[in-house]
>>> print(open('input-v4.txt').read())   # compact mmCIF, C-alpha atoms
# COMPACT_ATOMS: atom_id res chain seq x y z
CA MET A 1 -76.76 -34.22 1.80
CA LYS A 2 -73.64 -33.33 -0.09
CA LEU A 3 -71.63 -30.32 0.82
CA SER A 4 -69.87 -28.53 -1.99
CA LEU A 5 -66.58 -26.95 -1.00
CA LEU A 6 -65.24 -23.94 -2.70
CA PRO A 7 -61.92 -24.57 -4.50
CA LEU A 8 -58.88 -23.32 -2.63
CA ASN A 9 -56.44 -21.32 -4.70
CA PHE A 10 -52.85 -20.92 -3.58
CA GLU A 11 -50.39 -18.44 -5.00
CA LEU A 12 -46.95 -19.22 -3.64
CA ARG A 13 -44.05 -16.97 -4.51
CA SER A 14 -40.79 -18.41 -5.77
CA TRP A 15 -38.17 -19.41 -3.23
CA LYS A 16 -35.46 -16.83 -2.65
CA ASP A 17 -31.94 -17.26 -1.29
CA HIS A 18 -32.75 -15.65 2.05
CA ASP A 19 -35.53 -18.22 2.65
CA PHE A 20 -32.82 -20.85 3.14
CA ARG A 21 -30.59 -18.70 5.37
CA GLY A 22 -31.85 -20.36 8.54
CA PHE A 23 -31.11 -23.84 7.18
CA VAL A 24 -27.63 -22.78 6.05
CA ASN A 25 -26.80 -21.24 9.43
CA ALA A 26 -28.14 -24.27 11.30
CA ARG A 27 -26.08 -26.61 9.12
CA ALA A 28 -22.94 -24.55 9.74
CA LYS A 29 -23.52 -24.73 13.51
CA LEU A 30 -24.08 -28.48 13.31
CA GLU A 31 -20.89 -29.00 11.31
CA LYS A 32 -18.94 -26.93 13.82
CA ILE A 33 -20.33 -29.02 16.69
CA GLY A 34 -19.47 -32.20 14.78
CA ALA A 35 -15.93 -31.03 14.10
CA GLY A 36 -15.39 -30.43 17.81
CA ALA A 37 -16.97 -33.68 18.96
CA GLY A 38 -14.71 -35.65 21.23
CA LYS A 39 -12.08 -32.91 21.55
CA SER A 40 -12.89 -32.38 25.20
CA SER A 41 -12.20 -35.99 26.15
CA ASP A 42 -9.09 -36.66 28.24
CA ARG A 43 -7.98 -39.37 25.83
CA PHE A 44 -8.01 -36.99 22.85
CA LYS A 45 -6.22 -34.25 24.82
CA LYS A 46 -3.48 -36.68 25.87
CA ALA A 47 -3.01 -37.87 22.30
CA ARG A 48 -2.73 -34.29 21.10
CA GLU A 49 -0.25 -33.34 23.82
CA LYS A 50 1.83 -36.46 23.06
CA LEU A 51 2.18 -35.49 19.40
CA GLU A 52 2.91 -31.83 20.23
CA THR A 53 5.76 -32.92 22.51
CA ALA A 54 7.07 -35.33 19.87
CA ALA A 55 7.10 -32.55 17.28
CA LEU A 56 9.10 -30.30 19.58
CA GLN A 57 11.60 -33.03 20.40
CA GLY A 58 12.17 -34.65 17.02
CA GLY A 59 9.91 -33.30 14.28
CA ALA A 60 7.99 -35.54 11.88
CA SER A 61 10.03 -38.71 12.42
CA ARG A 62 9.37 -38.71 16.16
CA VAL A 63 5.67 -37.93 15.63
CA ILE A 64 5.36 -40.94 13.32
CA ARG A 65 6.94 -43.21 15.93
CA GLN A 66 4.54 -41.94 18.61
CA MET A 67 1.40 -42.67 16.59
CA ALA A 68 0.03 -46.03 17.73
CA GLU A 69 -3.78 -45.75 17.99
CA SER A 70 -6.62 -44.55 15.79
CA ILE A 71 -7.20 -41.57 18.09
CA ASP A 72 -3.66 -40.43 17.24
CA ALA A 73 -4.79 -40.08 13.62
CA ARG A 74 -7.51 -37.64 14.64
CA ALA A 75 -5.17 -35.77 16.98
CA LEU A 76 -2.64 -35.39 14.14
CA ALA A 77 -5.29 -34.15 11.71
CA ASP A 78 -6.52 -31.65 14.31
CA LEU A 79 -2.99 -30.32 14.93
CA LEU A 80 -2.34 -29.95 11.21
CA ALA A 81 -5.59 -28.00 10.81
CA THR A 82 -5.27 -25.69 13.82
CA ASP A 83 -1.63 -25.33 14.94
CA LYS A 84 0.70 -23.40 12.60
CA GLY A 85 3.69 -24.05 14.83
CA PHE A 86 3.11 -27.79 14.58
CA VAL A 87 2.91 -27.60 10.77
CA GLN A 88 6.23 -25.76 10.62
CA ARG A 89 7.89 -28.65 12.46
CA VAL A 90 5.94 -31.52 10.89
CA HIS A 91 5.55 -31.40 7.12
CA VAL A 92 3.07 -33.68 5.42
CA THR A 93 5.13 -36.49 3.83
CA THR A 94 4.45 -39.92 2.35
CA ASP A 95 5.74 -41.49 5.58
CA LEU A 96 3.32 -39.46 7.68
CA LEU A 97 0.39 -40.26 5.39
CA GLY A 98 1.35 -43.92 5.35
CA ARG A 99 1.29 -43.99 9.14
CA LEU A 100 -2.15 -42.37 9.15
CA GLU A 101 -3.47 -45.00 6.77
CA SER A 102 -1.99 -47.87 8.76
CA LEU A 103 -3.80 -46.75 11.91
CA LYS A 104 -7.25 -46.63 10.35
CA SER A 105 -8.36 -46.91 6.75
CA PRO A 106 -10.67 -45.53 5.68
CA MET A 107 -10.25 -42.68 8.15
CA SER A 108 -13.16 -41.61 10.31
CA ARG A 109 -15.21 -38.72 8.93
CA LEU A 110 -14.08 -36.46 11.78
CA ALA A 111 -10.39 -37.15 11.20
CA LEU A 112 -10.73 -36.84 7.42
CA ALA A 113 -12.68 -33.59 7.74
CA GLN A 114 -9.84 -32.09 9.81
CA LEU A 115 -7.20 -33.39 7.41
CA ILE A 116 -9.09 -31.81 4.50
CA ARG A 117 -9.29 -28.53 6.39
CA ALA A 118 -5.53 -28.68 6.97
CA TYR A 119 -5.06 -29.32 3.24
CA PHE A 120 -6.97 -26.17 2.32
CA VAL A 121 -5.53 -23.99 5.08
CA HIS A 122 -1.87 -24.80 4.33
CA TYR A 123 -1.91 -26.44 0.88
CA ASP A 124 1.57 -26.11 -0.70
CA GLU A 125 3.08 -24.56 2.43
CA ALA A 126 2.78 -27.76 4.53
CA THR A 127 4.65 -30.14 2.24
CA LEU A 128 8.14 -30.71 0.96
CA GLU A 129 8.94 -31.16 -2.74
CA GLY A 130 6.48 -33.63 -4.28
CA GLY A 131 4.54 -33.92 -1.04
CA LEU A 132 1.49 -32.02 -2.25
CA GLU A 133 0.84 -34.58 -4.98
CA HIS A 134 0.92 -37.45 -2.47
CA TRP A 135 -1.32 -35.57 -0.03
CA SER A 136 -3.83 -34.80 -2.80
CA HIS A 137 -3.91 -38.42 -3.93
CA PHE A 138 -4.31 -39.63 -0.32
CA ILE A 139 -7.41 -37.46 0.24
CA ARG A 140 -8.97 -38.44 -3.09
CA ARG A 141 -8.50 -42.09 -2.20
CA GLN A 142 -10.03 -41.62 1.25
CA LEU A 143 -13.02 -39.75 -0.18
CA LYS A 144 -13.84 -42.63 -2.51
CA SER A 145 -15.13 -44.47 0.54
CA ILE A 146 -17.67 -41.68 1.17
CA SER A 147 -21.07 -42.15 -0.41
CA THR A 148 -22.08 -39.11 -2.47
CA ASN A 149 -25.73 -40.16 -2.23
CA SER A 150 -25.97 -39.51 1.48
CA GLY A 151 -25.14 -36.60 3.72
CA ALA A 152 -24.99 -32.96 2.81
CA GLY A 153 -22.91 -29.86 3.23
CA ASP A 154 -19.26 -29.26 2.50
CA PHE A 155 -18.18 -32.86 3.02
CA LYS A 156 -20.45 -34.07 0.24
CA ALA A 157 -19.16 -31.26 -1.99
CA TYR A 158 -15.60 -32.45 -1.38
CA ALA A 159 -16.49 -36.03 -2.30
CA LEU A 160 -18.37 -35.01 -5.46
CA ASN A 161 -15.63 -32.67 -6.67
CA ALA A 162 -12.57 -34.52 -5.37
CA ASP A 163 -10.95 -34.95 -8.80
CA ASN A 164 -10.85 -31.18 -9.32
CA LEU A 165 -10.32 -29.93 -5.77
CA PHE A 166 -7.53 -32.20 -4.58
CA GLN A 167 -4.88 -31.70 -7.22
CA THR A 168 -1.56 -29.88 -7.40
CA ASP A 169 -3.29 -27.44 -9.77
CA GLY A 170 -6.58 -27.47 -7.86
CA PRO A 171 -6.93 -23.65 -7.61
CA ARG A 172 -6.54 -23.33 -11.38
CA ARG A 173 -9.20 -26.00 -11.96
CA VAL A 174 -11.68 -24.35 -9.58
CA VAL A 175 -11.26 -20.97 -11.27
CA GLN A 176 -11.48 -22.48 -14.75
CA GLN A 177 -14.79 -24.08 -13.79
CA ALA A 178 -16.13 -20.68 -12.70
CA LEU A 179 -15.06 -19.13 -16.00
CA ASP A 180 -16.41 -22.04 -18.08
CA LEU A 181 -19.79 -21.90 -16.34
CA GLY A 182 -19.93 -18.12 -16.48
CA ILE A 183 -20.49 -17.79 -12.72
CA ASP A 184 -18.65 -15.58 -10.29
CA PHE A 185 -15.92 -16.90 -8.04
CA ASP A 186 -17.99 -16.64 -4.84
CA ASN A 187 -20.63 -18.96 -6.28
CA VAL A 188 -18.15 -21.60 -7.34
CA SER A 189 -16.51 -21.35 -3.89
CA ARG A 190 -19.83 -22.20 -2.25
CA ARG A 191 -20.40 -25.05 -4.70
CA TYR A 192 -17.05 -26.58 -3.76
CA GLY A 193 -17.45 -26.01 -0.01
CA LEU A 194 -14.69 -23.39 0.18
CA SER A 195 -16.67 -20.36 1.33
CA GLY A 196 -15.70 -20.82 5.01
CA LEU A 197 -11.97 -20.85 4.21
CA SER A 198 -11.41 -17.24 3.20
CA ASP A 199 -8.00 -16.98 4.90
CA SER A 200 -6.72 -20.32 3.61
CA ARG A 201 -3.73 -20.66 1.31
CA TYR A 202 -5.86 -22.65 -1.16
CA LEU A 203 -8.52 -19.96 -1.56
CA THR A 204 -5.83 -17.28 -1.75
CA LEU A 205 -4.26 -19.12 -4.69
CA CYS A 206 -7.72 -19.44 -6.24
CA ARG A 207 -8.09 -15.66 -6.15
CA TYR A 208 -4.67 -15.26 -7.77
CA GLN A 209 -5.63 -17.70 -10.51
CA TYR A 210 -8.94 -15.90 -11.00
CA TYR A 211 -7.13 -12.61 -11.63
CA LEU A 212 -4.58 -14.16 -14.02
CA GLN A 213 -7.01 -16.32 -15.96
CA THR A 214 -9.50 -13.45 -16.28
CA LEU A 215 -6.70 -11.27 -17.69
CA ASN A 216 -5.65 -14.08 -20.04
CA GLU A 217 -9.18 -14.50 -21.41
CA LEU A 218 -10.01 -10.79 -21.75
CA GLU A 219 -10.08 -9.36 -25.23
CA ILE A 220 -6.70 -7.68 -25.69
CA GLY A 221 -6.85 -4.11 -24.40
CA ALA A 222 -10.38 -4.45 -23.01
CA ASP A 223 -11.36 -2.65 -19.83
CA HIS A 224 -12.63 -4.82 -16.96
CA PRO A 225 -13.28 -4.36 -13.20
CA VAL A 226 -10.49 -6.86 -12.44
CA LEU A 227 -7.92 -4.29 -13.64
CA ALA A 228 -8.77 -2.05 -10.69
CA GLU A 229 -8.61 -5.00 -8.28
CA VAL A 230 -5.12 -6.11 -9.31
CA CYS A 231 -3.76 -2.59 -8.70
CA SER A 232 -4.37 -2.84 -4.95
CA ASP A 233 -1.22 -3.26 -2.84
CA ASP A 234 -2.59 -6.43 -1.22
CA VAL A 235 -2.98 -8.14 -4.59
CA ALA A 236 0.10 -6.85 -6.42
CA ASN A 237 2.42 -7.51 -3.47
CA ALA A 238 1.06 -10.98 -2.66
CA GLN A 239 3.60 -13.80 -2.85
CA TYR A 240 2.93 -15.79 -6.02
CA SER A 241 5.90 -18.12 -6.27
CA GLU A 242 9.47 -18.23 -5.04
CA GLY A 243 11.07 -14.87 -5.77
CA LYS A 244 8.02 -13.60 -7.63
CA LEU A 245 5.05 -11.47 -6.59
CA LEU A 246 1.58 -11.73 -8.09
CA GLY A 247 2.16 -8.26 -9.56
CA HIS A 248 5.02 -9.66 -11.67
CA ALA A 249 2.72 -12.30 -13.16
CA ILE A 250 0.05 -9.65 -13.84
CA LEU A 251 2.56 -7.34 -15.55
CA GLU A 252 3.92 -10.19 -17.68
CA THR A 253 0.40 -11.11 -18.78
CA LEU A 254 -0.59 -7.57 -19.79
CA ILE A 255 2.69 -6.73 -21.54
CA ASP A 256 3.11 -10.07 -23.33
CA ARG A 257 -0.49 -10.18 -24.57
CA THR A 258 -0.10 -6.70 -26.08
CA ALA A 259 3.22 -7.50 -27.78
CA GLY A 260 3.22 -6.41 -31.41
CA GLY A 261 0.45 -3.83 -30.91
CA THR A 262 -0.35 -0.64 -29.06
CA ILE A 263 -1.25 -1.00 -25.40
CA SER A 264 -4.68 0.32 -24.42
CA LYS A 265 -5.09 3.15 -21.94
CA SER A 266 -6.64 0.90 -19.26
CA TRP A 267 -3.89 -1.73 -19.51
CA GLN A 268 -1.17 0.92 -19.56
CA THR A 269 -2.66 2.60 -16.50
CA THR A 270 -2.68 -0.76 -14.70
CA VAL A 271 1.00 -1.36 -15.49
CA LEU A 272 1.95 2.14 -14.34
CA SER A 273 -0.13 1.79 -11.16
CA ILE A 274 1.65 -1.40 -10.17
CA ALA A 275 5.24 -0.87 -11.34
CA GLY A 276 5.62 2.78 -12.29
CA ASP A 277 7.66 4.04 -15.24
CA PRO A 278 10.62 1.82 -16.24
CA ARG A 279 12.60 4.86 -17.41
CA VAL A 280 13.55 5.84 -13.86
CA PRO A 281 17.18 5.16 -12.83
CA LYS A 282 17.98 1.47 -12.42
CA THR A 283 18.83 2.11 -8.78
CA HIS A 284 15.29 3.35 -8.11
CA ALA A 285 13.29 1.18 -5.69
CA SER A 286 10.39 0.58 -8.10
CA TYR A 287 12.77 -0.43 -10.89
CA GLN A 288 14.57 -2.90 -8.64
CA LYS A 289 11.33 -4.33 -7.30
CA TRP A 290 9.44 -4.71 -10.58
CA TRP A 291 11.24 -4.01 -13.85
CA ALA A 292 14.56 -5.66 -12.98
CA LEU A 293 12.69 -8.98 -12.81
CA LEU A 294 10.64 -8.51 -16.00
CA GLY A 295 13.50 -8.56 -18.52
CA ASP A 296 14.87 -6.16 -21.12
CA GLU A 297 12.35 -7.09 -23.82
CA ARG A 298 9.33 -6.15 -21.71
CA ILE A 299 11.06 -2.95 -20.59
CA ALA A 300 11.74 -1.99 -24.23
CA ARG A 301 8.08 -2.58 -25.14
CA MET A 302 6.89 -0.43 -22.27
CA ARG A 303 9.36 2.34 -23.14
CA GLY A 304 7.97 2.38 -26.68
CA TRP A 305 4.38 2.59 -25.48
CA LEU A 306 5.25 5.35 -23.03
CA SER A 307 6.90 7.33 -25.81
CA ARG A 308 3.49 7.49 -27.45
CA LEU A 309 2.00 8.70 -24.16
CA ASP A 310 4.78 11.28 -23.77
CA LEU A 311 4.06 12.62 -27.24
CA LYS A 312 0.30 12.71 -26.63
CA ILE A 313 0.80 14.76 -23.47
CA PHE A 314 3.38 17.06 -25.10
CA LEU A 315 1.12 17.75 -28.09
CA LYS A 316 -1.81 18.43 -25.77
CA ILE A 317 0.28 20.95 -23.84
CA LEU A 318 1.52 22.53 -27.08
CA GLU A 319 -2.01 22.81 -28.47
CA GLN A 320 -3.38 24.28 -25.24
CA SER A 321 -0.47 26.71 -24.99
CA ALA A 322 -1.08 27.97 -28.53
CA LYS A 323 -4.78 28.52 -27.79
CA ASP A 324 -4.17 30.22 -24.44
CA SER A 325 -1.52 32.56 -25.84
CA GLY A 326 -3.47 33.38 -29.01
CA ASN A 327 -0.32 32.64 -31.02
CA GLU A 328 -1.68 32.13 -34.56
CA GLU A 329 1.66 31.08 -36.02
CA MET A 330 2.07 28.36 -33.35
CA GLU A 331 -1.47 27.14 -34.01
CA ARG A 332 -0.76 27.05 -37.75
CA MET A 333 2.44 25.05 -37.28
CA PHE A 334 0.84 22.67 -34.79
CA VAL A 335 -0.83 20.39 -37.37
CA SER A 336 2.35 19.76 -39.37
CA ARG A 337 4.49 19.25 -36.26
CA LYS A 338 1.94 16.79 -34.86
CA TYR A 339 1.88 14.89 -38.17
CA PHE A 340 5.69 14.67 -38.27
CA MET A 341 6.09 13.53 -34.65
CA GLU A 342 3.30 10.96 -34.83
CA GLY A 343 4.74 9.67 -38.12
CA LEU A 344 8.03 8.78 -36.43
CA LEU A 345 6.12 6.89 -33.76
CA ASN A 346 3.87 5.04 -36.19
CA GLN A 347 6.92 3.81 -38.11
CA GLY A 348 8.37 2.42 -34.89
CA LEU A 349 11.39 4.69 -35.10
CA VAL A 350 11.10 6.20 -31.61
CA THR A 351 12.81 3.86 -29.15
CA ASP A 352 12.79 6.13 -26.13
CA SER A 353 11.53 9.50 -24.96
CA ARG A 354 11.44 11.79 -21.95
CA LEU A 355 9.25 14.75 -21.00
CA PHE A 356 10.64 17.93 -19.43
CA LEU A 357 7.75 20.07 -18.20
CA SER A 358 7.60 23.66 -17.05
CA ALA A 359 5.74 24.73 -13.92
CA GLU A 360 2.70 25.69 -15.99
CA ALA A 361 2.73 22.41 -17.91
CA SER A 362 3.19 20.38 -14.70
CA HIS A 363 0.18 22.10 -13.21
CA TYR A 364 -1.81 21.41 -16.39
CA VAL A 365 -1.09 17.65 -16.49
CA THR A 366 -1.68 17.08 -12.76
CA ARG A 367 -4.99 18.88 -13.13
CA ASN A 368 -6.10 16.94 -16.22
CA TYR A 369 -4.65 13.46 -15.63
CA LYS A 370 -4.80 11.01 -12.76
CA SER A 371 -1.41 10.24 -11.24
CA ALA A 372 -1.68 6.57 -12.30
CA GLU A 373 -2.14 7.68 -15.94
CA LEU A 374 1.01 9.82 -16.06
CA PRO A 375 4.46 8.67 -17.13
CA SER A 376 7.54 9.79 -15.27
CA PHE A 377 8.61 13.33 -16.28
CA ALA A 378 11.25 15.85 -15.23
CA ARG A 379 10.47 19.39 -14.12
CA VAL A 380 12.40 22.35 -15.52
CA MET A 381 12.99 25.72 -13.91
CA SER A 382 11.34 27.66 -16.71
CA PRO A 383 7.77 28.73 -15.93
CA SER A 384 6.55 28.19 -19.50
CA THR A 385 9.06 26.25 -21.64
CA SER A 386 8.56 22.49 -21.94
CA MET A 387 10.55 19.96 -23.99
CA ILE A 388 10.33 16.42 -25.27
CA TYR A 389 13.39 14.29 -25.94
CA ARG A 390 13.19 11.41 -28.42
CA ASN A 391 15.68 8.75 -29.42
CA VAL A 392 15.05 8.00 -33.10
CA ALA A 393 16.21 4.58 -34.33
CA GLY A 394 18.88 4.55 -31.63
CA LYS A 395 20.94 6.95 -33.72
CA VAL A 396 19.41 10.41 -33.63
CA HIS A 397 18.58 12.39 -30.49
CA VAL A 398 15.85 15.00 -31.01
CA ILE A 399 14.74 17.68 -28.55
CA GLU A 400 11.75 19.91 -29.31
>>> encode(input="input-v4.txt", output="structure tokens")
Amino acid sequence: MKLSLLPLNFELRSWKDHDFRGFVNARAKLEKIGAGAGKSSDRFKKAREKLETAALQGGASRVIRQMAESIDARALADLLATDKGFVQRVHVTTDLLGRLESLKSPMSRLALAQLIRAYFVHYDEATLEGGLEHWSHFIRRQLKSISTNSGAGDFKAYALNADNLFQTDGPRRVVQQALDLGIDFDNVSRRYGLSGLSDSRYLTLCRYQYYLQTLNELEIGADHPVLAEVCSDDVANAQYSEGKLLGHAILETLIDRTAGGTISKSWQTTVLSIAGDPRVPKTHASYQKWWALLGDERIARMRGWLSRLDLKIFLKILEQSAKDSGNEEMERMFVSRKYFMEGLLNQGLVTDSRLFLSAEASHYVTRNYKSAELPSFARVMSPSTSMIYRNVAGKVHVIE
């Protein structure tokens, strides 16, 4: 007797990111356990203490002389990854890397994993001139011994992407990949195994590159969420290179890309939010911090753009004043005066300007404009009389 079974129908939903959360968390715990394996042994502790003492007594040269066993290689990698004081005394040099390689090559996975972590955490801050290139090449060479067909997690990501990650311009390459693939920076960070290194120098430089490259690839004058991000104090005041803040690089990008045209409102607001108005006295703190380092040509461009903003605000005040007062003659004259003043600007004849606002006008602009959108202006004692000064072709000074 044959039994007929009813067909079983399954309807399985598609996998979602949160379905894998348990696996991801378990893998992270396992990697953490693996990274700490052997650190509690007396032999490892003694090797670490030996190198710490050597660093205190004679810096890198003494550390190199003290390294005699393979466990010293792992102790050194651990110190570079976890001890900032040690890194300040012992820079990563070709001599140090050569000693590491002579002790054990290829390095053990544990030692190499710690050395890679140190690379990301400190990056260009742990090497002397030219040292970063040697360090990058050393790690790429060590990773070639790692099979990309086995294993998983961040270590495999490092091996697969070594030629992009471990370079002197690695942060730029990582960000360019995100932009080329049209994916956000967080996704590319996970792909490259960088998501657990949020406070590292490497990832910090990646963020800087992301801001700058996004601004470089934006359509000129276009609005974008990144403009609001770069205005934050943390971003603008971040150290970018020797003697230069990230804000300086952002300002240079926005001003230089707009050269020869009229700056958009969103880009102008960003510049003003970061650096303020360049027409303040040269002794002013914001001028010394920002504009003094940007050069006369960029200052002249910004002055010209702000003259247009000054005129826009002045004409708005004039128009509103005529309407509020019911002055028909002022309203009649407004169109011709606006045409004349804008004509001077459009011909590029106005090289500088300055607003002098009455109490009423000051109240009007602070009520109708955000502070970041306003140029610098002077206040006058009069309750209702405002003025605009313009320098025409560097020869004629006009006050209206």
>>> residues_around(input="input-v4.txt", residues="region 114-119 of chain A", least_positions_apart="4", cutoff="9 Å", atoms="all atoms listed in the file", output="JSON list (two decimals) with C-alpha atoms, in the frame of the given file")
[["chain", "number", "residue", "atom", "x", "y", "z"],
["A", 35, "ALA", "CA", -15.93, -31.03, 14.10],
["A", 74, "ARG", "CA", -7.51, -37.64, 14.64],
["A", 76, "LEU", "CA", -2.64, -35.39, 14.14],
["A", 77, "ALA", "CA", -5.29, -34.15, 11.71],
["A", 78, "ASP", "CA", -6.52, -31.65, 14.31],
["A", 79, "LEU", "CA", -2.99, -30.32, 14.93],
["A", 80, "LEU", "CA", -2.34, -29.95, 11.21],
["A", 81, "ALA", "CA", -5.59, -28.00, 10.81],
["A", 82, "THR", "CA", -5.27, -25.69, 13.82],
["A", 109, "ARG", "CA", -15.21, -38.72, 8.93],
["A", 110, "LEU", "CA", -14.08, -36.46, 11.78],
["A", 123, "TYR", "CA", -1.91, -26.44, 0.88],
["A", 124, "ASP", "CA", 1.57, -26.11, -0.70],
["A", 126, "ALA", "CA", 2.78, -27.76, 4.53],
["A", 132, "LEU", "CA", 1.49, -32.02, -2.25],
["A", 135, "TRP", "CA", -1.32, -35.57, -0.03],
["A", 136, "SER", "CA", -3.83, -34.80, -2.80],
["A", 139, "ILE", "CA", -7.41, -37.46, 0.24],
["A", 158, "TYR", "CA", -15.60, -32.45, -1.38],
["A", 166, "PHE", "CA", -7.53, -32.20, -4.58],
["A", 197, "LEU", "CA", -11.97, -20.85, 4.21],
["A", 201, "ARG", "CA", -3.73, -20.66, 1.31],
["A", 202, "TYR", "CA", -5.86, -22.65, -1.16]]
>>> closest_residue(input="input-v4.txt", among="A:Ala75, A:Leu51, A:Leu227, A:Leu293", to="Leu245 (chain A)", atoms="only C-alpha atoms")
A:Leu293
>>> atom_distance(input="input-v4.txt", atom1="CA of Leu349 (chain A)", atom2="CA of Val365 (chain A)")
25.9 Å
>>> atom_distance(input="input-v4.txt", atom1="CA of Leu246 (chain A)", atom2="CA of Ile274 (chain A)")
10.5 Å
>>> closest_residue(input="input-v4.txt", among="A:Ile64, A:Ala162, A:Cys206, A:Leu128", to="Val175 (chain A)", atoms="all atoms listed in the file")
A:Cys206
>>> residues_around(input="input-v4.txt", residues="Val174 (chain A)", least_positions_apart="3", cutoff="8 Å", atoms="only C-alpha atoms", output="PyMOL selection string")
chain A and resi 164-165+170-171+177-178+188+206
>>> closest_residue(input="input-v4.txt", among="A:Ala359, A:Ala372, A:Leu318, A:Leu254", to="Glu400 (chain A)", atoms="all atoms listed in the file")
A:Leu318
>>> atom_distance(input="input-v4.txt", atom1="CA of Gly261 (chain A)", atom2="CA of Gly348 (chain A)")
10.8 Å
>>> closest_atom_pairs(input="input-v4.txt", of="region 254-353 of chain A", to="region 387-395 of chain A", cutoff="6 Å", atoms="all atoms listed in the file", output="CSV")
residue,atom,partner,partner_atom,distance
A:Leu349,CA,A:Ala393,CA,4.9
A:Val350,CA,A:Val392,CA,4.6
A:Thr351,CA,A:Asn391,CA,5.7
A:Asp352,CA,A:Asn391,CA,5.1
A:Ser353,CA,A:Arg390,CA,4.3
>>> residues_near_point(input="input-v4.txt", point="(3.8, -42.4, 17.5)", cutoff="12 Å", atoms="all atoms listed in the file", output="PyMOL selection string")
chain A and resi 47-55+58-73+75-76+96+99-100+102-103
